[in-house]
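The block underneath contains the structure these notes are about, expressed in structure tokens.
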Amino acid sequence: MKEGSSAFEAQLESNIHSFTELLGETDDFVVRRFRIFAEHEAAMMYLANMSNTAVVNEDILKPLMHTPPHLQNRSIPMSQLKDVLLRDVIYFNNVKSVQTIDSALSDLLRGGTLITVDGLTEAILLDTAQIEKRSLQQPDTEQVIRGPREGFIEQLQTNISLLRYRLPTPDFQVRTLSIGRVTQSKVAVCYLKGIANDELVKEVMERISAIDIGGVLDAGYLEQFIEDNHHSPFPQTANTERTDKAVANMMEGRVVILVDGSPFALIVPTVFNQFYQTTEDYSERYLLVSFIRMARLLALGFSLVTPSLYVAIISFNPELIPTEFAVAVSGGRAGVPFPSVIEVMIMEASMEVLREATLRLPQQIGGALSIVGVLVIGQAAVAAGFVSPITVVVIALTTIGSFATPAYNAALALRLLRFPLIVMAGMFGLYGVMLGLIMIANHLLSLKSFGIPYLSPVVPGNFEGMKDTVIRAPLWSMWRRPTQLHTRNKRRLGKQVVDKLKQPTTNVLDPLKVGRERSKTPNGDTQANHNDPGGSHSD
């Protein structure tokens with residue numbers, strides 16, 4: 001077998017033999033022999049299932065086999081043949097010449113068409129790739145009521161074009177790499193020049209370039225290699241299928257990473273408050289959004305500490321609950337054979353199994369299973385005395401709270417941390433809950449994403465950044481980009497816009513003014529405004 005790094009030879013049959021040996025006995029490899037201008041022996045090679053055969057036949061093969069009128073009765077020396085083919089004959093835009101077999105083979109495997117001519121030590125490569133792709137649609141994992149409905153798909157070029165459509169500026173930069181010894185997956189690092197910090201872009205490129213793996217099939221592969229703490233349950237890179245979210249983060253100074261074959265984009269660096277925010281937060285008025293964000297944070301707290309608090313209070317501190325409620329709880333627990341910690345652990349484990357089964361089943365069956373699991377199984381467990389009714393209520397509140405977290409990977413981390421908190425509550429009561437929460441807070445304080453503290457802008461504190469954390473300030477008041485990103489251009493809004501917004505508004509259609517104003521005539525008299533339907537008209 002020939003080495004992939006060898007150069008093309010002048011003998012046509014030798015080049016064909018090299019590619020035949022490299023590709024092996026694959027049935028979709030097509031070798032089409034023909035004569036250029038009925039004079040020069042040549043061969044066209046491509047993969048049948050990867051190339052656009054209509055383009056190959058009409059725009060490439062046909063012009064090569066039929067001599068153009070302006071080249072008839074003209075002898076073309078071999079030294080000029082390549083230039084004549086590229087400039088005068090081939091009706092194709094994306095075409096280039098290649099000197100080595102390895103570079104030609106890489107493009108051939110991606111859907112390119114290769115033309116070799118007997119007597120030439122170079123080959124002509126045309127990008128004729130045609131891969132089936134799905135249509136643009138709203139991402140199922142990030143539904144919004146108000147906002148764009150388009151999301152990324154698996155094709156990298158389409159995803160870059162979606163970003164380019166929203167960022168028609170020369171500052172939008174794309175740098176590509178190939179990762180994976182076998183898959184050679186294309187990875188695109190996208191950012192806005194003049195906004196993103198140059199050191200951040202350099203660090204992202206270095207971390208991705210250092211990855212040596214057999215194949216990259218999804219953006220999640222890269223995520224596990226480039227994060228700072230590989231053992232933390234909390235995600236240190238955000239992911240999204242929404243183009244508007246990716247663009248918004250680039251405009252703040254972050255870097256977006258796209259992988260060919262994956263509909264998810266990675267966003268770095270990432271801080272904790274991004275995981276309970278949505279793109280819809282910036283389409284609504286700030287008072288409504290602030291209320292919704294606080295509701296999400298409340299749900300986040302419910303999903304993390306409710307089961308452990310229930311276990312701690314029932315097992316160690318029942319005096320903390322009102323007497324009437326304590327009597328009702330004890331009556332409901334009468335006959336339950338397990339202590340509260342075991343009871344909650346069984347229900348939590350059952351809920352996780354039910355949730356996973358619902359996700360993996362087809363949509364029609366999964367919806368029915370969730371209803372059966374919640375209603376039938378829960379009621380049967382209570383009736384059989386297996387669990388108490390209050391336990392079912394606590395687990396239901398916990399599950400609903402986890403569903404309210406917008407980011408699935410962050411919600412998954414909270415679901416995992418519930419179990420050690422329940423165990424510590426069963427062993428030490430409220431002290432165990434507080435100790436567990438302190439350990440979680442200490443871990444969050446130690447995390448960084450590409451050098452940025454995970455809890456910023458809260459810790460370390462930054463007033464401008466806090467305008468977009470628990471509550472969202474008006475858009476016109478957030479005129480600075482996030483300080484922790486150290487962006488080159490720190491202003492979101494122009495200074496003139498900020499100054500103008502501070503001035504009082506002009507009510508041009510104020511009913512106390514419109515229709516009451518009178519204009520001066522040239523001789524100094526006043527004339528009624530004829531636009532006023534209730535005004536008087538002079539004779």
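Note on naming: chains are A, B, ... as they come in the structure tokens, residues start from 1 per chain, ligands start from 1 in the order shown.
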**Q.** Long-range neighbours of Ala248 (chain A) as a list of chain:residue names, 12 Å cut-off, only C-alpha atoms, 4 positions minimum in chain
**A.** A:Leu163, A:Arg166, A:Leu167, A:Tyr191, A:Leu192, A:Thr240, A:Arg242, A:Thr243, A:Asp244, A:Glu252, A:Gly253, A:Arg254, A:Val255, A:Val256, A:Ile267, A:Thr278, A:Thr279, A:Glu280, A:Tyr282, A:Arg481, A:Arg492
Proximity of region 179-209 of chain A to region 168-173 of chain A: per-residue shortest pair, 12 Å limit, only C-alpha atoms, as a Markdown table:
```
| residue | atom | partner | partner_atom | distance |
| --- | --- | --- | --- | --- |
| A:Ala188 | CA | A:Gln173 | CA | 9.8 |
| A:Val189 | CA | A:Gln173 | CA | 8.1 |
| A:Cys190 | CA | A:Gln173 | CA | 5.7 |
| A:Tyr191 | CA | A:Gln173 | CA | 5.5 |
| A:Leu192 | CA | A:Phe172 | CA | 4.6 |
| A:Lys193 | CA | A:Asp171 | CA | 4.8 |
| A:Gly194 | CA | A:Asp171 | CA | 6.9 |
| A:Ile195 | CA | A:Asp171 | CA | 8.7 |
| A:Ala196 | CA | A:Asp171 | CA | 10.1 |
| A:Asp198 | CA | A:Gln173 | CA | 12.0 |
| A:Val201 | CA | A:Gln173 | CA | 10.7 |
```
Could the residues in this selection be saved with N, CA and C atoms as a PDB file, in the first residue's frame?
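This went into out_6.pdb:
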```
ATOM      1  N   ALA A 188     -15.426  24.390  14.915  1.00  0.00           N
ATOM      2  CA  ALA A 188     -15.361  25.822  14.613  1.00  0.00           C
ATOM      3  C   ALA A 188     -15.421  26.620  15.907  1.00  0.00           C
ATOM      4  N   VAL A 189     -14.458  27.505  16.093  1.00  0.00           N
ATOM      5  CA  VAL A 189     -14.415  28.406  17.245  1.00  0.00           C
ATOM      6  C   VAL A 189     -14.858  29.781  16.741  1.00  0.00           C
ATOM      7  N   CYS A 190     -15.988  30.264  17.235  1.00  0.00           N
ATOM      8  CA  CYS A 190     -16.599  31.507  16.746  1.00  0.00           C
ATOM      9  C   CYS A 190     -16.544  32.572  17.844  1.00  0.00           C
ATOM     10  N   TYR A 191     -16.213  33.789  17.442  1.00  0.00           N
ATOM     11  CA  TYR A 191     -16.152  34.902  18.397  1.00  0.00           C
ATOM     12  C   TYR A 191     -16.227  36.209  17.626  1.00  0.00           C
ATOM     13  N   LEU A 192     -16.401  37.291  18.365  1.00  0.00           N
ATOM     14  CA  LEU A 192     -16.441  38.625  17.781  1.00  0.00           C
ATOM     15  C   LEU A 192     -15.130  39.338  18.079  1.00  0.00           C
ATOM     16  N   LYS A 193     -14.387  39.612  17.029  1.00  0.00           N
ATOM     17  CA  LYS A 193     -13.124  40.312  17.178  1.00  0.00           C
ATOM     18  C   LYS A 193     -13.384  41.745  17.640  1.00  0.00           C
ATOM     19  N   GLY A 194     -12.600  42.186  18.593  1.00  0.00           N
ATOM     20  CA  GLY A 194     -12.805  43.519  19.148  1.00  0.00           C
ATOM     21  C   GLY A 194     -13.670  43.510  20.390  1.00  0.00           C
ATOM     22  N   ILE A 195     -14.361  42.393  20.649  1.00  0.00           N
ATOM     23  CA  ILE A 195     -15.157  42.257  21.873  1.00  0.00           C
ATOM     24  C   ILE A 195     -14.572  41.151  22.744  1.00  0.00           C
ATOM     25  N   ALA A 196     -14.407  39.954  22.184  1.00  0.00           N
ATOM     26  CA  ALA A 196     -13.855  38.835  22.952  1.00  0.00           C
ATOM     27  C   ALA A 196     -12.398  39.102  23.301  1.00  0.00           C
ATOM     28  N   ASP A 198      -8.628  38.447  23.619  1.00  0.00           N
ATOM     29  CA  ASP A 198      -7.716  37.660  22.776  1.00  0.00           C
ATOM     30  C   ASP A 198      -7.110  36.486  23.535  1.00  0.00           C
ATOM     31  N   VAL A 201      -9.641  33.611  23.601  1.00  0.00           N
ATOM     32  CA  VAL A 201      -9.676  32.879  22.328  1.00  0.00           C
ATOM     33  C   VAL A 201      -8.452  31.980  22.190  1.00  0.00           C
TER      34      VAL A 201
END
```
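CA of Gly451 (chain A) is found 9.6 Å from CA of Leu485 (chain A).
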Using DSSP assignments from the backbone, pull out every residue in region 258-362 of chain A that falls under alpha helix (DSSP H) and give it to me as an mmCIF file with N, CA and C atoms, in the first residue's frame.
```
data_model
loop_
_atom_site.group_PDB
_atom_site.id
_atom_site.type_symbol
_atom_site.label_atom_id
_atom_site.label_comp_id
_atom_site.auth_asym_id
_atom_site.auth_seq_id
_atom_site.Cartn_x
_atom_site.Cartn_y
_atom_site.Cartn_z
ATOM 1 N N TYR A 286 -38.688 44.039 32.330
ATOM 2 C CA TYR A 286 -37.801 43.576 33.391
ATOM 3 C C TYR A 286 -38.547 43.199 34.671
ATOM 4 N N LEU A 287 -39.684 43.846 34.992
ATOM 5 C CA LEU A 287 -40.412 43.493 36.212
ATOM 6 C C LEU A 287 -40.955 42.071 36.142
ATOM 7 N N LEU A 288 -41.535 41.707 35.008
ATOM 8 C CA LEU A 288 -42.071 40.364 34.844
ATOM 9 C C LEU A 288 -40.959 39.330 34.858
ATOM 10 N N VAL A 289 -39.868 39.637 34.185
ATOM 11 C CA VAL A 289 -38.756 38.689 34.107
ATOM 12 C C VAL A 289 -38.128 38.488 35.485
ATOM 13 N N SER A 290 -37.983 39.549 36.243
ATOM 14 C CA SER A 290 -37.403 39.421 37.582
ATOM 15 C C SER A 290 -38.250 38.515 38.459
ATOM 16 N N PHE A 291 -39.585 38.641 38.373
ATOM 17 C CA PHE A 291 -40.469 37.774 39.139
ATOM 18 C C PHE A 291 -40.303 36.306 38.714
ATOM 19 N N ILE A 292 -40.218 36.072 37.414
ATOM 20 C CA ILE A 292 -40.080 34.699 36.927
ATOM 21 C C ILE A 292 -38.739 34.113 37.349
ATOM 22 N N ARG A 293 -37.689 34.924 37.316
ATOM 23 C CA ARG A 293 -36.378 34.420 37.739
ATOM 24 C C ARG A 293 -36.374 34.030 39.208
ATOM 25 N N MET A 294 -37.009 34.830 40.047
ATOM 26 C CA MET A 294 -37.076 34.473 41.469
ATOM 27 C C MET A 294 -37.880 33.197 41.670
ATOM 28 N N ALA A 295 -38.912 32.994 40.841
ATOM 29 C CA ALA A 295 -39.668 31.741 40.912
ATOM 30 C C ALA A 295 -38.786 30.557 40.526
ATOM 31 N N ARG A 296 -37.930 30.748 39.506
ATOM 32 C CA ARG A 296 -37.022 29.669 39.107
ATOM 33 C C ARG A 296 -36.032 29.348 40.226
ATOM 34 N N LEU A 297 -35.500 30.387 40.877
ATOM 35 C CA LEU A 297 -34.572 30.146 41.982
ATOM 36 C C LEU A 297 -35.250 29.442 43.144
ATOM 37 N N LEU A 298 -36.506 29.800 43.401
ATOM 38 C CA LEU A 298 -37.258 29.100 44.442
ATOM 39 C C LEU A 298 -37.435 27.626 44.076
ATOM 40 N N ALA A 299 -37.748 27.378 42.815
ATOM 41 C CA ALA A 299 -37.878 25.993 42.374
ATOM 42 C C ALA A 299 -36.548 25.262 42.474
ATOM 43 N N LEU A 300 -35.444 25.962 42.179
ATOM 44 C CA LEU A 300 -34.124 25.352 42.303
ATOM 45 C C LEU A 300 -33.851 24.946 43.745
ATOM 46 N N GLY A 301 -34.191 25.837 44.682
ATOM 47 C CA GLY A 301 -34.022 25.492 46.095
ATOM 48 C C GLY A 301 -34.896 24.328 46.523
ATOM 49 N N PHE A 302 -36.142 24.310 46.052
ATOM 50 C CA PHE A 302 -37.029 23.193 46.352
ATOM 51 C C PHE A 302 -36.439 21.873 45.865
ATOM 52 N N SER A 303 -35.917 21.880 44.638
ATOM 53 C CA SER A 303 -35.419 20.632 44.065
ATOM 54 C C SER A 303 -34.182 20.118 44.782
ATOM 55 N N LEU A 304 -33.455 20.992 45.479
ATOM 56 C CA LEU A 304 -32.224 20.561 46.137
ATOM 57 C C LEU A 304 -32.425 20.153 47.589
ATOM 58 N N VAL A 305 -33.149 20.962 48.379
ATOM 59 C CA VAL A 305 -33.142 20.763 49.833
ATOM 60 C C VAL A 305 -34.459 20.248 50.404
ATOM 61 N N THR A 306 -35.544 20.242 49.636
ATOM 62 C CA THR A 306 -36.830 19.836 50.225
ATOM 63 C C THR A 306 -36.805 18.424 50.796
ATOM 64 N N PRO A 307 -36.330 17.388 50.077
ATOM 65 C CA PRO A 307 -36.335 16.043 50.677
ATOM 66 C C PRO A 307 -35.472 15.942 51.927
ATOM 67 N N SER A 308 -34.286 16.571 51.915
ATOM 68 C CA SER A 308 -33.412 16.473 53.085
ATOM 69 C C SER A 308 -33.995 17.232 54.272
ATOM 70 N N LEU A 309 -34.617 18.389 54.044
ATOM 71 C CA LEU A 309 -35.263 19.100 55.145
ATOM 72 C C LEU A 309 -36.404 18.280 55.735
ATOM 73 N N TYR A 310 -37.166 17.633 54.883
ATOM 74 C CA TYR A 310 -38.268 16.789 55.364
ATOM 75 C C TYR A 310 -37.746 15.656 56.250
ATOM 76 N N VAL A 311 -36.684 15.002 55.799
ATOM 77 C CA VAL A 311 -36.108 13.901 56.591
ATOM 78 C C VAL A 311 -35.568 14.414 57.914
ATOM 79 N N ALA A 312 -34.869 15.555 57.888
ATOM 80 C CA ALA A 312 -34.270 16.085 59.115
ATOM 81 C C ALA A 312 -35.332 16.471 60.133
ATOM 82 N N ILE A 313 -36.401 17.120 59.654
ATOM 83 C CA ILE A 313 -37.425 17.579 60.587
ATOM 84 C C ILE A 313 -38.229 16.412 61.131
ATOM 85 N N ILE A 314 -38.614 15.479 60.284
ATOM 86 C CA ILE A 314 -39.420 14.340 60.737
ATOM 87 C C ILE A 314 -38.623 13.450 61.679
ATOM 88 N N SER A 315 -37.343 13.249 61.398
ATOM 89 C CA SER A 315 -36.548 12.305 62.181
ATOM 90 C C SER A 315 -35.962 12.923 63.441
ATOM 91 N N THR A 323 -48.386 21.775 65.725
ATOM 92 C CA THR A 323 -48.899 20.558 66.351
ATOM 93 C C THR A 323 -49.934 19.859 65.473
ATOM 94 N N GLU A 324 -50.897 20.636 64.921
ATOM 95 C CA GLU A 324 -51.934 20.026 64.096
ATOM 96 C C GLU A 324 -51.321 19.325 62.875
ATOM 97 N N PHE A 325 -50.326 19.988 62.275
ATOM 98 C CA PHE A 325 -49.695 19.386 61.104
ATOM 99 C C PHE A 325 -48.874 18.157 61.502
ATOM 100 N N ALA A 326 -48.224 18.225 62.679
ATOM 101 C CA ALA A 326 -47.446 17.080 63.148
ATOM 102 C C ALA A 326 -48.341 15.875 63.384
ATOM 103 N N VAL A 327 -49.556 16.113 63.926
ATOM 104 C CA VAL A 327 -50.500 15.010 64.149
ATOM 105 C C VAL A 327 -50.921 14.398 62.820
ATOM 106 N N ALA A 328 -51.172 15.265 61.823
ATOM 107 C CA ALA A 328 -51.579 14.758 60.500
ATOM 108 C C ALA A 328 -50.458 13.952 59.866
ATOM 109 N N VAL A 329 -49.218 14.434 60.008
ATOM 110 C CA VAL A 329 -48.087 13.715 59.420
ATOM 111 C C VAL A 329 -47.891 12.371 60.111
ATOM 112 N N SER A 330 -47.979 12.364 61.435
ATOM 113 C CA SER A 330 -47.796 11.096 62.158
ATOM 114 C C SER A 330 -48.917 10.111 61.842
ATOM 115 N N GLY A 331 -50.124 10.635 61.627
ATOM 116 C CA GLY A 331 -51.224 9.747 61.237
ATOM 117 C C GLY A 331 -51.016 9.162 59.856
ATOM 118 N N GLY A 332 -50.483 9.957 58.964
ATOM 119 C CA GLY A 332 -50.211 9.459 57.617
ATOM 120 C C GLY A 332 -49.083 8.454 57.587
ATOM 121 N N SER A 340 -38.038 7.461 57.755
ATOM 122 C CA SER A 340 -38.262 8.496 56.737
ATOM 123 C C SER A 340 -37.130 8.565 55.729
ATOM 124 N N VAL A 341 -35.878 8.381 56.158
ATOM 125 C CA VAL A 341 -34.768 8.497 55.229
ATOM 126 C C VAL A 341 -34.824 7.387 54.182
ATOM 127 N N ILE A 342 -35.141 6.161 54.605
ATOM 128 C CA ILE A 342 -35.256 5.052 53.642
ATOM 129 C C ILE A 342 -36.459 5.275 52.732
ATOM 130 N N GLU A 343 -37.531 5.759 53.299
ATOM 131 C CA GLU A 343 -38.752 6.020 52.523
ATOM 132 C C GLU A 343 -38.488 7.047 51.426
ATOM 133 N N VAL A 344 -37.813 8.138 51.782
ATOM 134 C CA VAL A 344 -37.527 9.186 50.796
ATOM 135 C C VAL A 344 -36.537 8.691 49.755
ATOM 136 N N MET A 345 -35.543 7.926 50.173
ATOM 137 C CA MET A 345 -34.561 7.410 49.217
ATOM 138 C C MET A 345 -35.225 6.475 48.207
ATOM 139 N N ILE A 346 -36.134 5.635 48.664
ATOM 140 C CA ILE A 346 -36.836 4.719 47.751
ATOM 141 C C ILE A 346 -37.679 5.513 46.758
ATOM 142 N N MET A 347 -38.409 6.526 47.255
ATOM 143 C CA MET A 347 -39.243 7.320 46.363
ATOM 144 C C MET A 347 -38.408 8.127 45.372
ATOM 145 N N GLU A 348 -37.289 8.679 45.833
ATOM 146 C CA GLU A 348 -36.424 9.428 44.924
ATOM 147 C C GLU A 348 -35.848 8.522 43.842
ATOM 148 N N ALA A 349 -35.373 7.344 44.233
ATOM 149 C CA ALA A 349 -34.830 6.404 43.253
ATOM 150 C C ALA A 349 -35.904 5.967 42.266
ATOM 151 N N SER A 350 -37.108 5.725 42.768
ATOM 152 C CA SER A 350 -38.205 5.326 41.881
ATOM 153 C C SER A 350 -38.540 6.456 40.910
ATOM 154 N N MET A 351 -38.497 7.686 41.391
ATOM 155 C CA MET A 351 -38.806 8.813 40.529
ATOM 156 C C MET A 351 -37.745 8.981 39.443
ATOM 157 N N GLU A 352 -36.483 8.750 39.781
ATOM 158 C CA GLU A 352 -35.426 8.860 38.781
ATOM 159 C C GLU A 352 -35.572 7.775 37.715
ATOM 160 N N VAL A 353 -35.925 6.566 38.141
ATOM 161 C CA VAL A 353 -36.129 5.476 37.174
ATOM 162 C C VAL A 353 -37.311 5.806 36.267
ATOM 163 N N LEU A 354 -38.390 6.316 36.843
ATOM 164 C CA LEU A 354 -39.569 6.675 36.059
ATOM 165 C C LEU A 354 -39.254 7.809 35.085
ATOM 166 N N ARG A 355 -38.478 8.790 35.524
ATOM 167 C CA ARG A 355 -38.111 9.901 34.648
ATOM 168 C C ARG A 355 -37.244 9.414 33.484
ATOM 169 N N GLU A 356 -36.295 8.538 33.777
ATOM 170 C CA GLU A 356 -35.433 8.030 32.721
ATOM 171 C C GLU A 356 -36.217 7.171 31.730
ATOM 172 N N ALA A 357 -37.137 6.374 32.237
ATOM 173 C CA ALA A 357 -37.961 5.560 31.347
ATOM 174 C C ALA A 357 -38.843 6.430 30.460
ATOM 175 N N THR A 358 -39.343 7.517 30.996
ATOM 176 C CA THR A 358 -40.182 8.421 30.212
ATOM 177 C C THR A 358 -39.385 9.077 29.093
ATOM 178 N N LEU A 359 -38.118 9.413 29.365
ATOM 179 C CA LEU A 359 -37.294 10.058 28.349
ATOM 180 C C LEU A 359 -36.924 9.113 27.221
ATOM 181 N N ARG A 360 -36.681 7.842 27.533
ATOM 182 C CA ARG A 360 -36.167 6.913 26.524
ATOM 183 C C ARG A 360 -37.262 6.283 25.681
#
```
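Atom pair CA of Thr405 (chain A) / CA of Ile208 (chain A) has a distance of 29.2 Å (rounded to one decimal).
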Q | strand (DSSP E or B) call set, DSSP backbone run, region 320-500 of chain A, as JSON, numbers by chain | A | {"A": [448, 449, 452, 453, 468, 472, 480, 491]}
Using only N, CA and C atoms, please write the residues we just selected to a file, as a PDB file, in the first residue's frame.
```
ATOM      1  N   LYS A 448     -13.933  27.345  38.670  1.00  0.00           N
ATOM      2  CA  LYS A 448     -13.660  28.391  37.687  1.00  0.00           C
ATOM      3  C   LYS A 448     -13.930  27.850  36.297  1.00  0.00           C
ATOM      4  N   SER A 449     -14.319  28.739  35.412  1.00  0.00           N
ATOM      5  CA  SER A 449     -14.512  28.384  34.009  1.00  0.00           C
ATOM      6  C   SER A 449     -13.607  29.276  33.175  1.00  0.00           C
ATOM      7  N   ILE A 452     -12.498  32.225  35.176  1.00  0.00           N
ATOM      8  CA  ILE A 452     -13.503  33.133  35.714  1.00  0.00           C
ATOM      9  C   ILE A 452     -14.221  32.444  36.883  1.00  0.00           C
ATOM     10  N   PRO A 453     -14.312  33.084  38.063  1.00  0.00           N
ATOM     11  CA  PRO A 453     -15.013  32.475  39.204  1.00  0.00           C
ATOM     12  C   PRO A 453     -16.443  32.079  38.840  1.00  0.00           C
ATOM     13  N   ASP A 468     -27.983  41.619  36.336  1.00  0.00           N
ATOM     14  CA  ASP A 468     -28.502  40.525  35.511  1.00  0.00           C
ATOM     15  C   ASP A 468     -28.260  39.192  36.201  1.00  0.00           C
ATOM     16  N   ARG A 472     -33.473  41.084  36.815  1.00  0.00           N
ATOM     17  CA  ARG A 472     -32.924  41.654  35.582  1.00  0.00           C
ATOM     18  C   ARG A 472     -33.297  43.120  35.505  1.00  0.00           C
ATOM     19  N   ARG A 480     -22.982  48.231  30.266  1.00  0.00           N
ATOM     20  CA  ARG A 480     -21.647  47.624  30.253  1.00  0.00           C
ATOM     21  C   ARG A 480     -21.738  46.120  30.019  1.00  0.00           C
ATOM     22  N   ARG A 491     -18.568  48.532  26.353  1.00  0.00           N
ATOM     23  CA  ARG A 491     -19.867  49.195  26.308  1.00  0.00           C
ATOM     24  C   ARG A 491     -20.834  48.429  25.412  1.00  0.00           C
TER      25      ARG A 491
END
```
Q: Name the residues in contact with Ser135 (chain A) at a cut-off of 12 Å, using only C-alpha atoms, excluding same-chain residues fewer than 3 positions from it; report them as a PyMOL selection string.
A: chain A and resi 132+138-139+150-155+158-159+263
Any chance you can output those residues with N, CA, C and O atoms as an mmCIF file, in the first residue's frame?
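Saved file again-v1.cif follows:
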```cif
data_model
loop_
_atom_site.group_PDB
_atom_site.id
_atom_site.type_symbol
_atom_site.label_atom_id
_atom_site.label_comp_id
_atom_site.auth_asym_id
_atom_site.auth_seq_id
_atom_site.Cartn_x
_atom_site.Cartn_y
_atom_site.Cartn_z
ATOM 1 N N GLU A 132 -27.441 14.718 3.202
ATOM 2 C CA GLU A 132 -28.829 14.962 3.582
ATOM 3 C C GLU A 132 -28.887 15.602 4.960
ATOM 4 O O GLU A 132 -28.157 15.189 5.876
ATOM 5 N N GLN A 138 -37.651 24.575 15.703
ATOM 6 C CA GLN A 138 -37.445 25.055 17.065
ATOM 7 C C GLN A 138 -36.868 23.935 17.927
ATOM 8 O O GLN A 138 -37.365 22.805 17.899
ATOM 9 N N PRO A 139 -35.822 24.212 18.700
ATOM 10 C CA PRO A 139 -35.241 23.169 19.554
ATOM 11 C C PRO A 139 -36.255 22.661 20.580
ATOM 12 O O PRO A 139 -36.952 23.444 21.224
ATOM 13 N N GLU A 150 -35.810 29.252 15.361
ATOM 14 C CA GLU A 150 -34.828 28.480 14.617
ATOM 15 C C GLU A 150 -33.745 27.975 15.559
ATOM 16 O O GLU A 150 -33.409 28.613 16.560
ATOM 17 N N GLY A 151 -33.207 26.812 15.219
ATOM 18 C CA GLY A 151 -32.155 26.212 16.016
ATOM 19 C C GLY A 151 -31.085 25.607 15.129
ATOM 20 O O GLY A 151 -31.248 25.472 13.909
ATOM 21 N N PHE A 152 -29.978 25.243 15.736
ATOM 22 C CA PHE A 152 -28.884 24.614 15.002
ATOM 23 C C PHE A 152 -29.290 23.225 14.520
ATOM 24 O O PHE A 152 -30.175 22.576 15.094
ATOM 25 N N ILE A 153 -28.610 22.763 13.466
ATOM 26 C CA ILE A 153 -28.765 21.389 13.000
ATOM 27 C C ILE A 153 -27.385 20.731 13.019
ATOM 28 O O ILE A 153 -26.434 21.290 13.560
ATOM 29 N N GLU A 154 -27.291 19.541 12.411
ATOM 30 C CA GLU A 154 -26.048 18.786 12.513
ATOM 31 C C GLU A 154 -24.944 19.286 11.583
ATOM 32 O O GLU A 154 -23.767 19.051 11.851
ATOM 33 N N GLN A 155 -25.282 19.959 10.475
ATOM 34 C CA GLN A 155 -24.273 20.399 9.512
ATOM 35 C C GLN A 155 -23.583 21.671 9.981
ATOM 36 O O GLN A 155 -24.241 22.673 10.270
ATOM 37 N N THR A 158 -24.049 24.954 7.778
ATOM 38 C CA THR A 158 -25.362 25.573 7.974
ATOM 39 C C THR A 158 -25.400 26.353 9.279
ATOM 40 O O THR A 158 -25.938 27.465 9.343
ATOM 41 N N ASN A 159 -24.824 25.796 10.337
ATOM 42 C CA ASN A 159 -24.818 26.477 11.628
ATOM 43 C C ASN A 159 -24.001 27.771 11.572
ATOM 44 O O ASN A 159 -24.400 28.794 12.151
ATOM 45 N N PRO A 263 -25.892 19.273 16.879
ATOM 46 C CA PRO A 263 -26.728 20.475 16.862
ATOM 47 C C PRO A 263 -26.533 21.369 18.073
ATOM 48 O O PRO A 263 -27.219 22.385 18.198
#
```
